[in-house]
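Novice: Hey, dropping entry-v1.cif in here, mmCIF, C-alpha atoms:
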```cif
data_protein
loop_
_atom_site.label_atom_id
_atom_site.label_comp_id
_atom_site.auth_asym_id
_atom_site.auth_seq_id
_atom_site.Cartn_x
_atom_site.Cartn_y
_atom_site.Cartn_z
CA MET I 1 60.20 59.44 88.40
CA THR I 2 58.54 58.76 91.74
CA CYS I 3 57.53 61.84 93.72
CA HIS I 4 56.95 62.20 97.41
CA ARG I 5 55.03 65.16 98.81
CA PHE I 6 54.78 66.63 102.28
CA HIS I 7 53.98 69.98 103.87
CA SER I 8 56.60 72.16 105.53
CA MET I 9 57.51 75.85 105.86
CA GLY I 10 54.00 76.80 104.86
CA CYS I 11 54.20 75.18 101.42
CA GLU I 12 54.16 71.85 99.67
CA VAL I 13 57.52 70.13 99.31
CA VAL I 14 57.99 67.68 96.45
CA VAL I 15 60.92 65.28 96.29
CA GLY I 16 61.49 63.39 93.03
CA GLY I 17 63.81 60.46 92.37
CA ALA I 18 64.64 59.80 96.01
CA ALA I 19 64.87 56.49 97.86
CA PRO I 20 62.57 56.09 100.90
CA GLU I 21 65.37 56.67 103.39
CA GLU I 22 66.42 59.78 101.46
CA VAL I 23 62.86 61.08 101.57
CA SER I 24 62.76 60.70 105.36
CA ALA I 25 66.11 62.49 105.61
CA VAL I 26 64.75 65.35 103.51
CA GLU I 27 61.62 65.56 105.67
CA GLN I 28 63.77 65.65 108.79
CA LEU I 29 65.87 68.43 107.32
CA PHE I 30 62.83 70.58 106.58
CA VAL I 31 61.39 69.95 110.04
CA GLU I 32 64.66 71.04 111.62
CA ARG I 33 64.92 74.19 109.49
CA GLU I 34 61.34 75.13 110.30
CA ARG I 35 62.00 74.62 114.00
CA ILE I 36 64.90 77.05 113.82
CA PHE I 37 63.72 79.70 111.37
CA SER I 38 59.91 79.80 111.63
CA ARG I 39 58.27 83.08 112.64
CA PHE I 40 55.18 81.15 113.76
CA LEU I 41 56.67 78.64 116.20
CA ALA I 42 56.92 80.24 119.62
CA GLY I 43 60.12 78.48 120.60
CA SER I 44 61.99 78.90 117.31
CA GLU I 45 65.49 80.28 117.42
CA LEU I 46 64.43 83.13 115.15
CA ASN I 47 61.78 84.26 117.62
CA ARG I 48 64.21 84.00 120.51
CA VAL I 49 66.66 86.19 118.63
CA ASN I 50 63.93 88.67 117.71
CA ALA I 51 62.98 88.89 121.39
CA CYS I 52 66.52 90.10 122.16
CA THR I 53 66.96 92.91 119.65
CA GLY I 54 69.37 95.57 120.78
CA ARG I 55 71.53 93.01 122.57
CA PRO I 56 74.18 90.66 121.20
CA VAL I 57 72.87 87.09 121.08
CA LEU I 58 74.81 83.84 120.80
CA VAL I 59 73.09 81.69 118.17
CA SER I 60 73.59 78.25 116.61
CA THR I 61 76.14 77.82 113.85
CA LEU I 62 73.39 77.22 111.28
CA PHE I 63 71.56 80.38 112.30
CA ALA I 64 74.73 82.46 112.19
CA GLN I 65 75.56 81.10 108.73
CA ALA I 66 72.07 81.95 107.50
CA VAL I 67 72.40 85.52 108.80
CA ALA I 68 75.83 85.88 107.20
CA ILE I 69 74.48 84.65 103.85
CA ALA I 70 71.48 86.96 104.19
CA LEU I 71 73.83 89.91 104.65
CA GLN I 72 75.84 88.88 101.57
CA VAL I 73 72.59 88.63 99.61
CA ALA I 74 71.49 92.05 100.81
CA GLU I 75 74.79 93.56 99.75
CA GLU I 76 74.71 91.82 96.38
CA THR I 77 71.15 93.00 95.68
CA GLU I 78 71.85 96.50 97.00
CA GLY I 79 69.42 95.95 99.86
CA LEU I 80 66.50 94.66 97.79
CA VAL I 81 66.46 91.28 99.53
CA ASP I 82 66.72 92.36 103.14
CA PRO I 83 66.71 90.07 106.20
CA THR I 84 65.42 92.84 108.49
CA VAL I 85 61.89 93.23 107.13
CA GLY I 86 60.31 91.14 109.89
CA ARG I 87 58.69 94.21 111.43
CA ALA I 88 57.25 95.32 108.08
CA VAL I 89 55.77 91.86 107.43
CA GLU I 90 54.09 91.92 110.85
CA GLU I 91 52.82 95.47 110.35
CA ALA I 92 51.28 94.30 107.08
CA GLY I 93 49.38 91.68 109.06
CA TYR I 94 51.30 88.47 108.29
CA VAL I 95 51.49 87.37 111.92
CA CYS I 96 50.49 83.71 111.75
CA ASP I 97 50.69 80.73 109.44
CA PHE I 98 49.20 81.72 106.12
CA ALA I 99 46.58 78.97 106.26
CA GLN I 100 45.13 80.62 109.38
CA LEU I 101 45.46 84.20 108.16
CA GLU I 102 42.19 86.15 107.87
CA SER I 103 41.35 89.57 106.55
CA ASP I 104 41.70 92.28 109.17
CA PRO I 105 39.58 95.46 108.96
CA SER I 106 42.12 97.49 110.95
CA PRO I 107 44.59 99.48 108.87
CA ALA I 108 48.12 98.28 108.34
CA GLY I 109 50.76 99.47 110.81
CA GLN I 110 53.60 101.86 110.32
CA PRO I 111 56.01 101.19 107.47
CA ALA I 112 59.30 99.67 108.61
CA PRO I 113 62.08 100.08 106.03
CA GLY I 114 64.91 97.55 105.99
CA ALA I 115 67.98 98.07 108.13
CA TRP I 116 70.31 95.32 106.98
CA ALA I 117 73.35 97.60 107.05
CA SER I 118 73.05 97.89 110.83
CA LEU I 119 72.77 94.14 111.40
CA ARG I 120 75.98 92.56 112.73
CA VAL I 121 77.20 88.99 112.83
CA ARG I 122 80.60 87.91 114.17
CA GLY I 123 81.10 84.19 114.42
CA ARG I 124 78.07 82.92 116.34
CA CYS I 125 77.19 86.31 117.79
CA VAL I 126 74.35 88.26 116.17
CA TRP I 127 73.31 91.80 116.99
CA ALA I 128 70.29 93.59 115.58
CA PRO I 129 69.36 97.21 116.41
CA PRO I 130 66.50 97.71 118.87
CA GLY I 131 63.12 97.16 117.24
CA VAL I 132 64.52 95.45 114.14
CA LEU I 133 63.03 92.00 113.55
CA LEU I 134 64.69 89.39 111.37
CA ASP I 135 62.82 87.45 108.69
CA LEU I 136 65.13 84.95 107.03
CA ASN I 137 62.41 83.25 105.02
CA GLY I 138 63.79 84.91 101.89
CA ILE I 139 66.78 82.62 101.84
CA VAL I 140 66.11 79.78 104.27
CA LYS I 141 63.73 77.88 101.97
CA ALA I 142 66.16 78.06 99.07
CA LEU I 143 69.02 76.86 101.27
CA ALA I 144 66.87 74.00 102.55
CA VAL I 145 66.05 72.93 98.98
CA GLU I 146 69.73 72.93 98.06
CA ASP I 147 70.71 70.98 101.17
CA ALA I 148 67.88 68.51 100.55
CA LEU I 149 69.01 67.92 96.98
CA ALA I 150 72.46 67.12 98.28
CA LEU I 151 70.93 64.25 100.27
CA LEU I 152 69.84 62.48 97.08
CA ALA I 153 72.29 59.94 95.69
CA ALA I 154 70.92 59.81 92.14
CA ASP I 155 69.37 62.30 89.73
CA GLY I 156 66.24 63.90 91.07
CA PHE I 157 64.75 67.18 92.22
CA VAL I 158 63.45 68.96 95.29
CA SER I 159 60.77 71.60 95.07
CA ALA I 160 59.40 73.78 97.88
CA GLY I 161 56.94 76.50 97.06
CA GLY I 162 58.40 78.25 94.07
CA ASP I 163 61.95 76.98 94.55
CA LEU I 164 63.09 73.99 92.51
CA ALA I 165 66.58 72.52 92.36
CA ALA I 166 67.42 69.50 90.22
CA ARG I 167 70.27 67.15 89.49
CA GLY I 168 70.10 66.05 85.89
CA GLU I 169 67.86 67.54 83.22
CA ILE I 170 64.17 67.97 83.94
CA THR I 171 61.28 69.70 82.21
CA VAL I 172 59.56 72.20 84.47
CA SER I 173 56.17 73.83 84.00
CA LEU I 174 56.10 77.59 84.41
CA PRO I 175 53.47 80.06 85.58
CA GLY I 176 51.23 80.91 82.66
CA GLY I 177 51.28 77.49 81.02
CA ASP I 178 54.68 77.21 79.36
CA ALA I 179 57.41 74.70 80.17
CA VAL I 180 61.17 74.80 79.97
CA LEU I 181 63.99 72.29 80.14
CA LEU I 182 66.17 72.94 83.19
CA LYS I 183 69.56 71.66 82.07
CA SER I 184 71.58 72.84 85.03
CA GLY I 185 70.96 74.75 88.23
CA ALA I 186 67.64 75.74 89.72
CA LEU I 187 64.46 77.64 88.98
CA ALA I 188 62.63 79.88 91.42
CA THR I 189 59.41 81.85 91.13
CA SER I 190 58.47 84.73 93.38
CA GLY I 191 55.26 86.69 93.29
CA SER I 192 52.24 88.03 95.05
CA VAL I 193 49.65 85.58 93.72
CA LYS I 194 49.53 83.10 96.54
CA ARG I 195 50.39 84.81 99.82
CA ARG I 196 48.19 87.86 99.83
CA TRP I 197 45.45 89.12 102.11
CA PHE I 198 43.47 92.21 102.91
CA ARG I 199 44.11 94.53 105.80
CA GLY I 200 42.20 97.74 106.29
CA GLY I 201 40.68 97.25 102.86
CA GLU I 202 44.10 97.21 101.19
CA LEU I 203 45.68 94.26 99.46
CA GLN I 204 48.79 93.09 101.29
CA HIS I 205 51.36 90.46 100.38
CA HIS I 206 54.56 89.03 101.75
CA LEU I 207 57.08 90.60 99.34
CA ILE I 208 58.13 93.70 101.25
CA ASP I 209 59.97 96.50 99.49
CA PRO I 210 62.73 97.39 102.00
CA ARG I 211 62.93 100.92 100.58
CA THR I 212 59.37 101.74 101.63
CA GLY I 213 58.79 99.21 104.38
CA ARG I 214 55.50 98.26 102.71
CA PRO I 215 54.37 95.39 100.43
CA SER I 216 55.81 96.09 96.99
CA ARG I 217 53.67 97.73 94.32
CA SER I 218 55.48 95.92 91.54
CA PRO I 219 53.84 95.69 88.10
CA TRP I 220 54.77 92.01 88.02
CA GLU I 221 52.67 89.23 89.41
CA GLN I 222 55.22 86.43 89.14
CA VAL I 223 58.91 86.37 88.28
CA THR I 224 60.80 83.17 87.43
CA VAL I 225 64.60 83.10 87.33
CA CYS I 226 67.09 80.36 86.47
CA GLY I 227 70.18 80.39 88.67
CA ALA I 228 73.16 78.14 89.19
CA THR I 229 71.87 77.50 92.70
CA CYS I 230 68.45 77.65 94.24
CA LEU I 231 69.61 80.53 96.42
CA ALA I 232 70.74 82.49 93.37
CA ALA I 233 67.47 81.86 91.56
CA ASP I 234 65.28 82.71 94.55
CA VAL I 235 67.18 85.86 95.48
CA ALA I 236 67.27 87.09 91.89
CA ALA I 237 63.55 86.41 91.41
CA LYS I 238 62.68 88.42 94.52
CA ALA I 239 65.01 91.27 93.58
CA ALA I 240 63.71 91.40 89.99
CA TYR I 241 60.15 91.48 91.30
CA LEU I 242 60.96 94.34 93.68
CA VAL I 243 62.87 96.37 91.10
CA GLY I 244 59.67 96.65 89.08
CA THR I 245 59.79 97.59 85.43
CA GLU I 246 63.59 97.52 85.52
CA GLY I 247 63.50 93.85 86.48
CA PRO I 248 64.37 92.36 83.05
CA ALA I 249 67.31 94.74 82.59
CA TRP I 250 68.45 94.14 86.18
CA LEU I 251 68.67 90.40 85.46
CA ASP I 252 70.32 90.94 82.06
CA ARG I 253 73.10 92.96 83.68
CA ARG I 254 73.84 89.94 85.86
CA GLY I 255 73.50 87.40 83.06
CA LEU I 256 70.47 85.72 84.65
CA PRO I 257 67.58 84.36 82.55
CA GLY I 258 64.26 85.71 83.80
CA ARG I 259 60.60 85.38 82.87
CA PHE I 260 57.98 87.86 84.03
CA VAL I 261 54.20 87.59 84.23
CA ASP I 262 52.49 90.96 84.76
CA GLN I 263 49.18 91.73 86.48
CA GLY I 264 47.31 91.21 83.21
CA GLY I 265 48.85 87.78 82.59
CA ARG I 266 51.17 88.98 79.81
CA ILE I 267 54.53 87.26 79.68
CA THR I 268 57.84 89.08 79.23
CA VAL I 269 61.24 87.41 79.05
CA ASN I 270 64.57 89.15 79.31
CA ASP I 271 67.34 88.84 76.70
CA CYS I 272 69.17 86.08 78.57
CA TRP I 273 66.07 83.92 78.74
CA GLN I 274 65.36 84.48 75.07
CA HIS I 275 68.94 83.68 74.08
CA SER I 276 68.83 80.48 76.13
CA LEU I 277 65.70 79.29 74.34
CA ASP I 278 67.12 80.31 70.95
CA GLY I 279 70.21 78.21 71.58
CA ALA I 280 72.45 81.27 71.56
CA PRO I 281 75.52 81.39 73.80
CA ALA I 282 74.81 82.18 77.39
CA CYS I 283 74.76 85.80 78.48
CA ILE I 284 77.86 87.16 80.14
CA MET G 1 177.85 113.91 108.84
CA ALA G 2 178.90 111.81 111.84
CA LYS G 3 181.01 108.88 111.06
CA ARG G 4 178.93 105.75 111.01
CA LYS G 5 180.03 102.96 113.25
CA PRO G 6 179.80 99.40 112.05
CA ALA G 7 176.87 97.47 113.56
CA ARG G 8 177.83 95.29 116.38
CA VAL G 9 176.85 91.66 116.19
CA PRO G 10 175.35 90.64 119.51
CA SER G 11 177.30 87.99 121.22
CA TYR G 12 175.22 85.20 122.67
CA ARG G 13 177.97 84.40 124.99
CA THR G 14 177.60 87.61 126.84
CA THR G 15 174.88 87.77 129.50
CA ALA G 16 174.51 91.48 129.68
CA ARG G 17 172.51 92.82 126.80
CA GLN G 18 174.00 95.74 125.05
CA PRO G 19 171.68 98.55 124.12
CA ARG G 20 170.95 98.43 120.48
CA GLN G 21 172.08 101.36 118.59
CA ARG G 22 169.57 102.75 116.21
CA ARG G 23 170.58 103.80 112.84
CA GLU G 24 169.85 107.41 112.42
CA PRO G 25 168.12 108.39 109.19
CA PRO G 26 170.22 110.33 106.87
CA ARG G 27 169.78 113.94 107.35
CA VAL G 28 168.35 115.73 104.43
CA ALA G 29 169.17 119.24 104.01
CA ALA G 30 166.16 121.46 104.54
CA PRO G 31 165.04 123.24 101.39
CA GLU G 32 165.84 126.75 101.28
CA VAL G 33 162.75 128.77 102.14
CA GLU G 34 162.48 132.31 101.28
CA ASP G 35 161.75 134.32 104.31
CA ILE G 36 158.50 136.05 103.68
CA GLY G 37 157.74 137.06 107.23
CA PRO G 38 155.27 135.67 109.83
CA GLY G 39 152.19 137.66 108.68
CA GLU G 40 152.35 136.49 105.09
CA SER G 41 152.87 132.84 106.13
CA GLY G 42 149.60 132.84 108.28
CA SER G 43 147.48 134.29 105.52
CA ARG G 44 148.70 131.64 103.08
CA PHE G 45 147.83 128.55 105.21
CA ALA G 46 144.56 129.81 106.64
CA PRO G 47 142.51 129.37 103.39
CA VAL G 48 143.95 125.91 102.99
CA ARG G 49 142.91 124.99 106.52
CA ARG G 50 139.48 126.48 105.89
CA ARG G 51 139.08 124.48 102.71
CA ALA G 52 140.23 121.35 104.47
CA MET G 53 137.78 121.95 107.31
CA HIS G 54 135.03 122.65 104.81
CA ALA G 55 135.81 119.44 102.91
CA LYS G 56 135.75 117.42 106.16
CA ILE G 57 132.36 118.84 107.05
CA VAL G 58 130.98 118.11 103.60
CA ILE G 59 132.35 114.57 103.57
CA SER G 60 131.00 113.94 107.07
CA GLY G 61 127.60 115.30 106.09
CA VAL G 62 127.45 113.21 102.93
CA ALA G 63 128.47 110.12 104.87
CA LEU G 64 125.79 110.79 107.46
CA VAL G 65 123.11 111.26 104.81
CA CYS G 66 124.23 108.10 103.00
CA PHE G 67 124.07 106.15 106.25
CA GLY G 68 120.61 107.43 107.04
CA ALA G 69 119.38 106.67 103.56
CA GLY G 70 120.89 103.20 103.77
CA VAL G 71 119.12 102.50 107.06
CA ALA G 72 115.83 103.74 105.66
CA LEU G 73 116.17 101.68 102.50
CA THR G 74 117.05 98.62 104.53
CA ARG G 75 114.00 99.04 106.71
CA LEU G 76 111.81 99.44 103.65
CA SER G 77 113.22 96.52 101.71
CA TYR G 78 114.06 93.94 104.34
CA ALA G 79 111.30 91.36 104.53
CA GLY G 80 111.46 90.90 108.28
CA HIS G 81 110.51 94.46 109.11
CA SER G 82 106.95 95.67 109.39
CA LYS G 83 106.81 98.77 107.25
CA ARG G 84 103.48 99.96 108.54
CA PRO G 85 101.00 99.11 111.32
CA LEU G 86 100.01 95.46 111.14
CA ARG G 87 96.60 94.60 109.69
CA PRO G 88 94.79 91.25 109.59
CA LEU G 89 95.19 89.31 106.34
CA ALA G 90 92.27 89.78 103.98
CA ALA G 91 91.41 88.59 100.51
CA PRO G 92 92.06 91.13 97.75
CA ALA G 93 89.06 93.29 96.91
CA ASP G 94 88.93 91.96 93.34
CA PHE G 95 88.79 88.38 94.57
CA VAL G 96 85.99 89.20 97.00
CA ARG G 97 84.06 90.92 94.23
CA VAL G 98 84.37 87.92 91.90
CA VAL G 99 83.29 85.49 94.62
CA ARG G 100 80.29 87.61 95.44
CA GLN G 101 79.31 87.83 91.80
CA ASN G 102 79.13 84.04 91.82
CA LEU G 103 76.40 84.32 94.41
CA LEU G 104 74.07 85.26 91.55
CA GLU G 105 75.44 82.91 88.90
CA ALA G 106 73.07 81.81 86.14
CA GLY G 107 71.77 78.32 85.43
CA ILE G 108 70.99 76.89 82.02
CA VAL G 109 67.54 76.53 80.48
CA ALA G 110 66.53 75.27 77.04
CA PRO G 111 63.29 74.68 75.16
CA ALA G 112 61.16 71.92 76.65
CA GLN G 113 61.38 68.58 74.88
CA ALA G 114 59.09 66.49 77.08
CA PRO G 115 56.04 66.90 79.28
CA PRO G 116 56.82 68.63 82.58
CA GLY G 117 58.02 66.41 85.39
CA ALA G 118 57.96 69.19 87.98
CA SER G 119 56.66 72.71 88.39
CA THR G 120 57.81 75.99 89.83
CA SER G 121 54.73 77.43 91.40
CA VAL G 122 54.81 80.81 93.03
CA SER G 123 55.96 80.92 96.64
#
```
Show this structure as structure tokens.

Specialist:
Amino acid sequence: MTCHRFHSMGCEVVVGGAAPEEVSAVEQLFVERERIFSRFLAGSELNRVNACTGRPVLVSTLFAQAVAIALQVAEETEGLVDPTVGRAVEEAGYVCDFAQLESDPSPAGQPAPGAWASLRVRGRCVWAPPGVLLDLNGIVKALAVEDALALLAADGFVSAGGDLAARGEITVSLPGGDAVLLKSGALATSGSVKRRWFRGGELQHHLIDPRTGRPSRSPWEQVTVCGATCLAADVAAKAAYLVGTEGPAWLDRRGLPGRFVDQGGRITVNDCWQHSLDGAPACI
Amino acid sequence: MAKRKPARVPSYRTTARQPRQRREPPRVAAPEVEDIGPGESGSRFAPVRRRAMHAKIVISGVALVCFGAGVALTRLSYAGHSKRPLRPLAAPADFVRVVRQNLLEAGIVAPAQAPPGASTSVS
């Protein structure tokens, strides 16, 4: 399978099994999504919305849909995956593209817990409370991968960062050296291995726990989840990471296969993942 | 008894119309009533009138209640009436819950059978 690689949204995007014109369409899609949702492009729609907190703002249809989905995700995960942690990410020091991020000796700012329940969206009108900054990166990349896969006519896959969606069966390598056959759906990995930095002598990373408003102190280093969609996999991986030691049980309750790598490199899989590899019926 | 006259057949040849004589009903002899005096007669009919009045009131009340109940039942059962303040249509709560559960639906994985063609690196 031929693979095409390019850089977008702060990570490497890989497109497999696509015709040249499909690859250019996928690249265009990622460029457009980055232009709308990036925190690091001055003129992005996200930054324009964040500059107007406390006032209702009329946004594009795509932006409004993303906010609506983010609110559904927040409700489904009981606030674990929260679109309003933009302030907390900035206070932790993630204020520019990760490639340009340097350690900062000044201490991290004030914690900023999530406030998704106070975020409102009606049609194309979005309202965020004063001081609350949106960060839709938690879902935008997964949605872009899904939309990009839909542009492919034949079997293939699209991967961006830890999010991978495929049409047709494909063997996928996992963190820690294993591999698994993805028969249907998508795989997503979330963790604190790649995007982490020091601020005030403390290790910071981009996975904010909305309950504390600080980078999560999860025992896991990387969590991989298989979902029917890339959004489901990505959201579940983030939530399972943030839940901490309850992560495997949290996924089992929702029938999602999950694989956890802890800080010492030890691998744990939940019951659903184990049953899938044993050939047992899927978890319900 | 007065002697009955035979009915006259009107003559169409006459121009002046003769007043029609009505046949008087046969007089029935009044039953003989024992004279019990005016005081006793009033006390005998008064309870009857009271019972009649009471029955009329009860029947009127029952009819009124039945009418009211009928109106209320009609309002409750007739499809064209709004029984309560109007609310916008919304999907049933169970349906919404099921749809939202699908947001986190699982995919399918199996043991690897070939070298990896892609990877899920951490984001």

Novice: Identify all residues satisfying the PyMOL selection byres ((chain I and resi 57) around 8) in the given file; provide them as a PDB file with C-alpha atoms, in the coordinates of the input.

Specialist:
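Result went into out_37.pdb, see below:
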```pdb
ATOM      1  CA  VAL I  49      66.660  86.190 118.630  1.00  0.00           C
ATOM      2  CA  CYS I  52      66.520  90.100 122.160  1.00  0.00           C
ATOM      3  CA  ARG I  55      71.530  93.010 122.570  1.00  0.00           C
ATOM      4  CA  PRO I  56      74.180  90.660 121.200  1.00  0.00           C
ATOM      5  CA  LEU I  58      74.810  83.840 120.800  1.00  0.00           C
ATOM      6  CA  VAL I  59      73.090  81.690 118.170  1.00  0.00           C
ATOM      7  CA  CYS I 125      77.190  86.310 117.790  1.00  0.00           C
ATOM      8  CA  VAL I 126      74.350  88.260 116.170  1.00  0.00           C
ATOM      9  CA  TRP I 127      73.310  91.800 116.990  1.00  0.00           C
TER      10      TRP I 127
END
```

Novice: Define the interface residues of chain I facing chain G as those within 6 Å, counting only C-alpha atoms, and report them as a VMD selection string.

Specialist: chain I and resid 161 to 162 171 to 174 179 to 185 189 to 191 226 to 228 232 256 276 to 277

Novice: Restricted to C-alpha atoms, what would the selected residues look like written as a compact mmCIF listing (two decimals), keeping the file's coordinate frame?

Specialist:
```txt
# COMPACT_ATOMS: atom_id res chain seq x y z
CA GLY I 161 56.94 76.50 97.06
CA GLY I 162 58.40 78.25 94.07
CA THR I 171 61.28 69.70 82.21
CA VAL I 172 59.56 72.20 84.47
CA SER I 173 56.17 73.83 84.00
CA LEU I 174 56.10 77.59 84.41
CA ALA I 179 57.41 74.70 80.17
CA VAL I 180 61.17 74.80 79.97
CA LEU I 181 63.99 72.29 80.14
CA LEU I 182 66.17 72.94 83.19
CA LYS I 183 69.56 71.66 82.07
CA SER I 184 71.58 72.84 85.03
CA GLY I 185 70.96 74.75 88.23
CA THR I 189 59.41 81.85 91.13
CA SER I 190 58.47 84.73 93.38
CA GLY I 191 55.26 86.69 93.29
CA CYS I 226 67.09 80.36 86.47
CA GLY I 227 70.18 80.39 88.67
CA ALA I 228 73.16 78.14 89.19
CA ALA I 232 70.74 82.49 93.37
CA LEU I 256 70.47 85.72 84.65
CA SER I 276 68.83 80.48 76.13
CA LEU I 277 65.70 79.29 74.34
```

Novice: Looking at all atoms listed in the file, which of I:Phe198, I:Gly168, I:Gln204, I:Val15 is the one that sits closest to Ala154 (chain I)?

Specialist: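 The answer is I:Gly168, which sits nearest to Ala154 (chain I).
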
Novice: Can you tell me, as an mmCIF file with C-alpha atoms, in the coordinates of the input, what residues are no more than 10 Å from region 239-247 of chain I when counting only C-alpha atoms, ignoring any on the same chain fewer than 5 positions away?

Specialist:
```cif
data_model
loop_
_atom_site.group_PDB
_atom_site.id
_atom_site.type_symbol
_atom_site.label_atom_id
_atom_site.label_comp_id
_atom_site.auth_asym_id
_atom_site.auth_seq_id
_atom_site.Cartn_x
_atom_site.Cartn_y
_atom_site.Cartn_z
ATOM 1 C CA ALA I 74 71.490 92.050 100.810
ATOM 2 C CA THR I 77 71.150 93.000 95.680
ATOM 3 C CA GLU I 78 71.850 96.500 97.000
ATOM 4 C CA GLY I 79 69.420 95.950 99.860
ATOM 5 C CA LEU I 80 66.500 94.660 97.790
ATOM 6 C CA VAL I 81 66.460 91.280 99.530
ATOM 7 C CA ASP I 82 66.720 92.360 103.140
ATOM 8 C CA THR I 189 59.410 81.850 91.130
ATOM 9 C CA SER I 190 58.470 84.730 93.380
ATOM 10 C CA GLY I 191 55.260 86.690 93.290
ATOM 11 C CA SER I 192 52.240 88.030 95.050
ATOM 12 C CA LEU I 207 57.080 90.600 99.340
ATOM 13 C CA ILE I 208 58.130 93.700 101.250
ATOM 14 C CA ASP I 209 59.970 96.500 99.490
ATOM 15 C CA PRO I 210 62.730 97.390 102.000
ATOM 16 C CA ARG I 211 62.930 100.920 100.580
ATOM 17 C CA PRO I 215 54.370 95.390 100.430
ATOM 18 C CA SER I 216 55.810 96.090 96.990
ATOM 19 C CA ARG I 217 53.670 97.730 94.320
ATOM 20 C CA SER I 218 55.480 95.920 91.540
ATOM 21 C CA PRO I 219 53.840 95.690 88.100
ATOM 22 C CA TRP I 220 54.770 92.010 88.020
ATOM 23 C CA GLU I 221 52.670 89.230 89.410
ATOM 24 C CA GLN I 222 55.220 86.430 89.140
ATOM 25 C CA VAL I 223 58.910 86.370 88.280
ATOM 26 C CA THR I 224 60.800 83.170 87.430
ATOM 27 C CA VAL I 225 64.600 83.100 87.330
ATOM 28 C CA ALA I 233 67.470 81.860 91.560
ATOM 29 C CA ASP I 234 65.280 82.710 94.550
ATOM 30 C CA ASP I 252 70.320 90.940 82.060
ATOM 31 C CA GLY I 258 64.260 85.710 83.800
ATOM 32 C CA ARG I 259 60.600 85.380 82.870
ATOM 33 C CA PHE I 260 57.980 87.860 84.030
ATOM 34 C CA ASP I 262 52.490 90.960 84.760
ATOM 35 C CA ASN I 270 64.570 89.150 79.310
#
```

Novice: Rounded to one decimal, what separation in Å do you get between CA of Glu169 (chain I) and CA of Ala186 (chain I)?

Specialist: 10.5 Å

Novice: Expressed in Å to a single decimal, how great is the separation between CA of Ala128 (chain I) and CA of Asn50 (chain I)?

Specialist: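 Answer for the CA of Ala128 (chain I) to CA of Asn50 (chain I) separation: 8.3 Å.
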
Novice: Kindly extract all protein, DNA and RNA residues lying within 10 Å of the coordinates (75.3, 97.0, 109.5) given in the file, considering all atoms listed in the file, and supply them as a ChimeraX atom specification.

Specialist: /I:71,115-121,127-129

Novice: Need to verify the contact set: Glu27 (chain I), 12 Å, only C-alpha atoms, exclusion of same-chain residues closer than 6 positions in sequence. Can you return it as an NGL selection string?

Specialist: :I and (4-9 or 12-15 or 18 or 20-21 or 33-34 or 144-145 or 147-149 or 151 or 158 or 160)

Novice: Expressed in Å to a single decimal, how great is the separation between CA of Val269 (chain I) and CA of Arg253 (chain I)?

Specialist: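 Atom-to-atom, CA of Val269 (chain I) and CA of Arg253 (chain I) are spaced 13.9 Å apart.
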
Novice: Give the padded box for region 44-54 of chain I as lines of an AutoDock Vina configuration file: axis-aligned, covering all atoms listed in the file, 6 Å on each side, centre and edge lengths in Å to one decimal.

Specialist:
```
center_x = 65.6
center_y = 87.2
center_z = 118.7
size_x = 19.6
size_y = 28.7
size_z = 19.0
```
